[in-house]
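Engineer: Pasting a structure here, questions to come.
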Amino acid sequence: MIAFEQVSKRYRGARLALDDITLELPAGGSLGLVGESGSGKTTCVRLALGLERPTSGRVTFDGAAYPAGRGGLRPLRRQIGFVLQDPYDSLDARMTIRDIVAEPLRIHRLPGGRGRRGDDLVAELLAAVGLPGADLRSYPSRYSGGGRQRIAIARALIASPRVLICDEPTSSLDVSVQSQIVNLLLDARRERDLSMLFVTHDLDLIGRVADTVAVMYTGRVVEIGPAELIRRSPRHPYAKALHDAVPADHPRCRRLAATHATKVPAAPLVAGGVERGVPDSCVFADRCPRVQDRCRRERPPMIEEDSLRSYACFFPLPDELMSS
Amino acid sequence: MARAVIRRLVFGLIAVIGVVTLAFVLEFVVPGDPAKAIAPRAQSPAVLASIRAQLHLNQPVIVQFADYFGNLLRGNLGTSYVQHQPVASLIGPRLLTTGALALAGVVAEVIMGSALGILATLYGRVRALVGAINLTLLAVPIFVLGLVLLLVFGFRLGIAPVTGGAGAAQLALPALTLGLIGAPWYAQIVADQMQDSLASSYVRTAVSKGLSDAYILRRHVLRNVLSPAITMIGLDLGAYLSGVVTVEVVFVWPGIGLLAVNALHDLDRPIVMGTVIVGAVAVVFFNLVADVARMFVDPRTREEL
Amino acid sequence: MTTGPPGLPRLAGLAGETPHAPALEISGLTVRYGQVLAVADACLTVEAGQVVALIGETGSGKTSLALAAARLLPRSAAVTGLITIAGYEVSGLTASDFRRMRAGLVGCIAQDAMAALNPVVPVGRQVGEVFAVHAGMDRRQAAGAAVAALAQVEIRRPAAVARLYPHQLSGGMRQRVMIAMAMALSPPLIVADEPTKALDVSTQAEILGLIGELRARMHSGFLWITHDMGVVAELADRAAVMYAGRIVEIGQVEQIFDAPAHPYTLGLLQTRRDLRSGPAGAPLFQIPGSPPAHGSERAGCPFLPRCSRSTQVCAEVNPGLVPAGASGHLSACHHPASAADATAVTA
């Protein structure tokens with residue numbers, strides 16, 4: 001559905017946000033992007049939404065490259081619904097929720113932008129997202145973070161898109177509300193047969209949401225495959241480090257606050273994320289516990305292990321019993 | 001940081017060139033014949049023609065512009081039609097007097113405005129009163145305020161001198177006028193910024209470290225107030241230096257503003273253009289200075305474009 | 001005064017010069033903002049060297065409780081109840097008396113280090129302030145002490161970092177600076193407000209590791225606010241769960257994880273476990289409903305709208321904290337869950 005073909009994105013000031021990324025969201029499938037700050041996952045979202053253009057490479061929708069210019073992008077954007085992270089910023093505080101939810105109809109000149117028919121549509125959708133009977137003339141300020149995300153989801157779905165893009169939709173929410181919102185998104189996807197691109201830093205969440213997961217680090221994809229497989233036996237040391245960093249399930253199993261045994265060397269101190277690696281080396285080299293000479297001299301290509309997964313590492317981890 | 005400064009310098013230069021060009025263009029748009037303005041009683045067309053030739057008025061526009069620009073670079077702003085003296089030498093001393101007034105005015109408004117803003121922030125009971133004062137000062141037209149002050153302190157109480165002139169005693173009232181008019185702006189900035197700071201997380205951190213209220217105000221809050229205040233000061237200095245016309249006229253303060261007003265009256269174009277250019281350069285210059293000063297005060301702005 | 005934080009004036013009439021007094025003791029703490037009741041009658045103890053996790057979501061009152069304990073609430077907040085830090089009864093002190101003592105009594109680690117540090121002052125000076133103002137050091141000594149403090153929190157090249165401004169540091173570095181500031185005078189109590197919430201998971205892991213090290217070295221008690229059960233599992237000795245301004249469950253951390261009594265606690269644990277090990281493709285476990293709006297008071301149990309175990313008595317009587325099985329484990333529920341319920345989830 002959406003594909004990144006060797007996409008690189010460089011921002012002003014030589015900041016390389018994406019470095020030769022190749023990803024594919026198959027029609028009807030779900031792709032998860034997992035990474036920490038500076039990994040480039042948000043840049044991918046921006047490219048997928050057509051908000052930015054790649055510096056090199058192509059981003060395609062349904063096989064065709066993203067057109068230039070707002071007018072060209074509009075028919076494409078109609079097919080993409082999105083839910084972003086901050087429920088307090090993503091809704092215009094001065095619009096009623098009816099106008100907010102119906103806005104895509106107006107923008108894409110679909111019936112219902114104004115008037116009674118639109119009201120019914122909006123009310124229907126709001127009920128579907130768990131806000132039945134909500135006052136259409138109310139303002140976002142009346143709703144909690146969870147409520148606002150529901151409104152955002154309704155807005156994302158109203159123009160009957162084919163793709164749903166979610167960028168950390170639950171990170172700003174209370175824990176007890178997060179699963180509700182995720183379930184909403186999963187329901188919506190199933191009922192409408194949407195393709196879904198889900199971006200998060202939460203490894204556990206991505207495992208429950210996406211068929212395929214791409215682990216990103218500093219603008220590159222380091223491993224890609226089924227979430228559970230990557231969790232049980234990661235190949236790339238960064239994927240393993242990420243899993244190791246997740247806090248314990250039970251006080252008996254605590255590791256992080258106990259010892260420093262499996263710590264990954266800390267990131268450098270200057271802001272702006274991790275330092276960019278030299279182009280011809282592995283981007284994780286200066287933090288990798290398994291690093292060798294070759295890693296600093298050559299950039300590891302994506303190696304396909306089997307039809308299921310690939311990784312970019314010269315010295316991948318073998319299968320072993322992972323304590324979850 | 002050096003790069004940001006240089007970038008601003010370059011933009012400043014471009015701005016000045018733009019203004020100068022615009023001023024030049026205006027010369028052609030404004031009606032009136034310069035030759036007649038110089039020699040109003042000349043009757044013979046030959047005299048007028050010779051004046052025009054002297055002023056190069058018959059040359060192509062580009063040549064005139066090159067002349068004009070070349071003169072500017074040499075500091076030659078032309079010659080006054082009325083006073084028959086180089087404009088530069090007329091503006092020069094006035095620059096100093098207006099400068100003194102501008103400086104005094106800025107000092108007055110910063111002190112009074114900050115005091116009002118700080119009082120309003122720290123003492124809730126005074127807030128409404130300060131608000132009323134601000135509103136009054138904003139609403140009063142500057143010439144009304146000036147005239148009232150002149151009337152009260154000059155004529156009725158006899159404290160301030162009432163004739164014009166550029167002495168220290170004469171500076172008091174016009175500076176006070178400027179100060180009062182400008183104070184509400186600073187009061188607002190100071191109050192807003194202080195409120196933001198006091199409500200901020202880092203002030204709570206400072207409280208949690210057991211620092212005293214006075215220390216926190218001094219070392220943490222006021223420093224953050226400086227940044228927007230500096231921007232405003234730069235704007236004000238530039239604006240005032242281009243001539244605080246109303247105040248100068250009311251108090252007969254011999255500055256650029258008064259000069260410009262009289263020149264307008266006399267249709268003395270070179271002087272008017274001269275003051276426009278000087279004013280533009282002053283604004284650009286002080287904005288630059290304010291930007292650089294702000295970079296010193298607020299390290300976050302150092303990498304900014 | 002033989003044992004006690006450095007640089008403290010001797011205040012007459014104060015109890016508690018016992019060397020192992022609890023870091024924090026709260027009794028009957030109530031916090032109101034105008035009409036809104038944020039914390040209702042909370043009682044909590046943090047022993048020296050112990051980490052007590054305060055678990056809750058928006059509107060639970062956890063932040064108000066912690067800020068009240070550190071006396072950081074604005075003057076408009078009405079705080080009643082007894083607060084004792086390291087044996088000193090601080091709830092009765094005047095603001096200025098407490099101010100003189102506070103850096104040596106309680107250190108605070110804020111959630112958002114970027115907002116909590118003054119953007120226009122180098123971080124070294126911000127850490128040094130504590131030493132300069134409270135430990136009577138001059139500028140140079142304070143600067144040296146600040147560098148030492150930064151080294152203690154495992155910042156490499158601390159002298160260079162000390163000269164930097166907050167926006168020039170990464171999130172993890174900033175958080176370490178906050179920790180250094182809070183621990184500067186080795187206070188007996190540290191109040192931490194979700195300090196790892198805004199951090200990447202790997203940075204969070206580093207910070208948790210750091211806390212583990214520091215805690216072994218010092219004997220401060222920690223009141224650690226979080227809503228992440230994983231962080232609770234990693235750090236806490238005891239845990240208190242708050243809901244709608246009340247502590248609804250409290251106990252040793254193993255008790256809470258093995259046999260959560262309050263349905264809300266059970267729900268939180270189930271949510272995390274399901275997320276971690278539930279079957280792919282299946283819907284996530286969710287606690288129905290949403291957290292109550294701030295300060296809404298009603299008769300009966302505040303968790304009623306979301307509870308599957310409720311009966312008539314729950315609508316009428318607000319349950320108080322009662323023992324729930326093992327000693328030291330309390331919960332506020334008419335129909336507490338049992339250990340069987342908890343294991344049924346993990347099966």
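Numbering starts fresh at 1 for the residues of each chain in the structure tokens, the chains themselves are lettered A, B, ... in the order given, and ligands are numbered from 1 as they appear.
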Would you mind listing, as a count of residues only, all residues of chain C that have at least one atom within 9 Å of chain B, where only C-alpha atoms are what counts?

Structural biologist: 36

Engineer: At a cut-off of 6 Å, can you tabulate as a Markdown table every residue of chain C near chain A together with its closest atom pair and the distance in Å to one decimal, using only C-alpha atoms and ordering rows by chain then number?

Structural biologist:
| residue | atom | partner | partner_atom | distance |
| --- | --- | --- | --- | --- |
| C:Glu57 | CA | A:Asp174 | CA | 5.9 |
| C:Gln168 | CA | A:Ala271 | CA | 5.1 |
| C:Leu169 | CA | A:Ala271 | CA | 4.5 |
| C:Ser170 | CA | A:Ala271 | CA | 4.1 |
| C:Asp200 | CA | A:Glu36 | CA | 5.7 |
| C:Ser202 | CA | A:Ala245 | CA | 5.3 |
| C:Ala205 | CA | A:Ala245 | CA | 5.4 |
| C:Leu208 | CA | A:Ala257 | CA | 5.0 |
| C:Gly209 | CA | A:Ala257 | CA | 4.2 |
| C:Gly212 | CA | A:Ala257 | CA | 4.3 |
| C:Gly230 | CA | A:Pro247 | CA | 4.7 |
| C:Val231 | CA | A:Pro247 | CA | 5.9 |
| C:Ala233 | CA | A:Pro251 | CA | 4.4 |
| C:Glu234 | CA | A:Arg254 | CA | 4.9 |
| C:Arg276 | CA | A:Asp204 | CA | 5.3 |
| C:Ala280 | CA | A:Arg208 | CA | 4.8 |
| C:Pro283 | CA | A:Asn183 | CA | 5.7 |
| C:Leu284 | CA | A:Ser179 | CA | 5.8 |
| C:Gln286 | CA | A:Ser179 | CA | 5.4 |
| C:Ile287 | CA | A:Ser176 | CA | 5.9 |

Engineer: Choose the residue, out of A:Gly50, A:Gly63, A:Pro300, A:Pro75, that has the smallest atom-to-atom separation from Val221 in chain A; count only C-alpha atoms.

Structural biologist: A:Pro300

Engineer: Tell me, in Å to one decimal, how far CA of Pro188 in chain C is from CA of His219 in chain C.

Structural biologist: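 Between CA of Pro188 in chain C and CA of His219 in chain C the gap is 6.8 Å.
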
Engineer: Excluding Gly92 in chain B and its own-chain neighbours fewer than 3 positions away, which residues fall within 10 Å of it when counting only C-alpha atoms? Please give them as a ChimeraX atom specification.

Structural biologist: /B:87-89,95-97,255-256,278

Engineer: Within 9 Å of Val289 in chain B, counting only C-alpha atoms, which residues qualify if same-chain residues fewer than 5 places away don't, as a PyMOL selection string?

Structural biologist: chain B and resi 234+284+294

Engineer: Store the residues picked out above, limited to N, CA and C atoms, as a PDB file, in the first residue's frame.

Structural biologist:
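Once written, selection23.pdb looks like this:
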ATOM      1  N   GLY B 234      15.572  47.606  22.101  1.00  0.00           N
ATOM      2  CA  GLY B 234      16.177  47.834  20.784  1.00  0.00           C
ATOM      3  C   GLY B 234      15.209  48.509  19.835  1.00  0.00           C
ATOM      4  N   VAL B 284      17.669  49.815  12.164  1.00  0.00           N
ATOM      5  CA  VAL B 284      18.370  48.571  11.845  1.00  0.00           C
ATOM      6  C   VAL B 284      19.511  48.339  12.817  1.00  0.00           C
ATOM      7  N   ARG B 294      20.664  40.031  23.201  1.00  0.00           N
ATOM      8  CA  ARG B 294      19.790  38.959  23.634  1.00  0.00           C
ATOM      9  C   ARG B 294      20.492  37.616  23.550  1.00  0.00           C
TER      10      ARG B 294
END

Engineer: List the neighbours of Asp193 in chain A out to 7 Å using only C-alpha atoms; skip same-chain residues closer than 3 positions along the sequence, and give me the result as a PyMOL selection string.

Structural biologist: chain A and resi 28+189-190

Engineer: Please write the residues from the selection above to a file, keeping N, CA and C atoms, as an mmCIF file, in the first residue's frame.

Structural biologist:
data_model
loop_
_atom_site.group_PDB
_atom_site.id
_atom_site.type_symbol
_atom_site.label_atom_id
_atom_site.label_comp_id
_atom_site.auth_asym_id
_atom_site.auth_seq_id
_atom_site.Cartn_x
_atom_site.Cartn_y
_atom_site.Cartn_z
ATOM 1 N N GLY A 28 -3.858 -4.106 3.353
ATOM 2 C CA GLY A 28 -4.551 -4.909 4.334
ATOM 3 C C GLY A 28 -3.670 -5.379 5.472
ATOM 4 N N ARG A 189 -9.602 -1.118 12.320
ATOM 5 C CA ARG A 189 -8.811 -1.689 11.229
ATOM 6 C C ARG A 189 -9.460 -2.951 10.695
ATOM 7 N N ARG A 190 -9.919 -3.771 11.625
ATOM 8 C CA ARG A 190 -10.494 -5.042 11.204
ATOM 9 C C ARG A 190 -11.801 -4.815 10.467
#

Engineer: If you count only C-alpha atoms, which residues fall within 10 Å of Leu136 in chain A, apart from same-chain ones fewer than 3 positions away, as a list of chain:residue names?

Structural biologist: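 Counting only C-alpha atoms, the residues come to A:Thr96, A:Ile97, A:Arg98, A:Asp99, A:Ile100, A:Val101, A:Asp119, A:Asp120, A:Val122, A:Ala123, A:Leu126, A:Gly133, A:Tyr139.
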
Engineer: Please identify the strand (DSSP E or B) residues within range 70-308 of chain A (assignment by DSSP from backbone atoms) and present them as a PyMOL selection string.

Structural biologist: chain A and resi 80-83+163-167+195-200+212-217+220-226+270+303-304

Engineer: What's the 9 Å shell around Pro67 in chain A, counting only C-alpha atoms, without same-chain residues fewer than 4 positions away, as a list in words?

Structural biologist: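 The neighbour list is Gly50, Gly71, Gly72, Leu73 and Leu76 of chain A.
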
Engineer: Take the residues from that selection and write them out as a tab-separated table (two decimals), in the first residue's frame, keeping C-alpha atoms.

Structural biologist:
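File produced: out_2.tsv:
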chain	number	residue	atom	x	y	z
A	50	GLY	CA	3.06	13.66	2.25
A	71	GLY	CA	-3.49	19.70	-5.14
A	72	GLY	CA	-1.87	16.51	-6.32
A	73	LEU	CA	-1.64	15.15	-2.83
A	76	LEU	CA	-4.06	10.60	-1.89
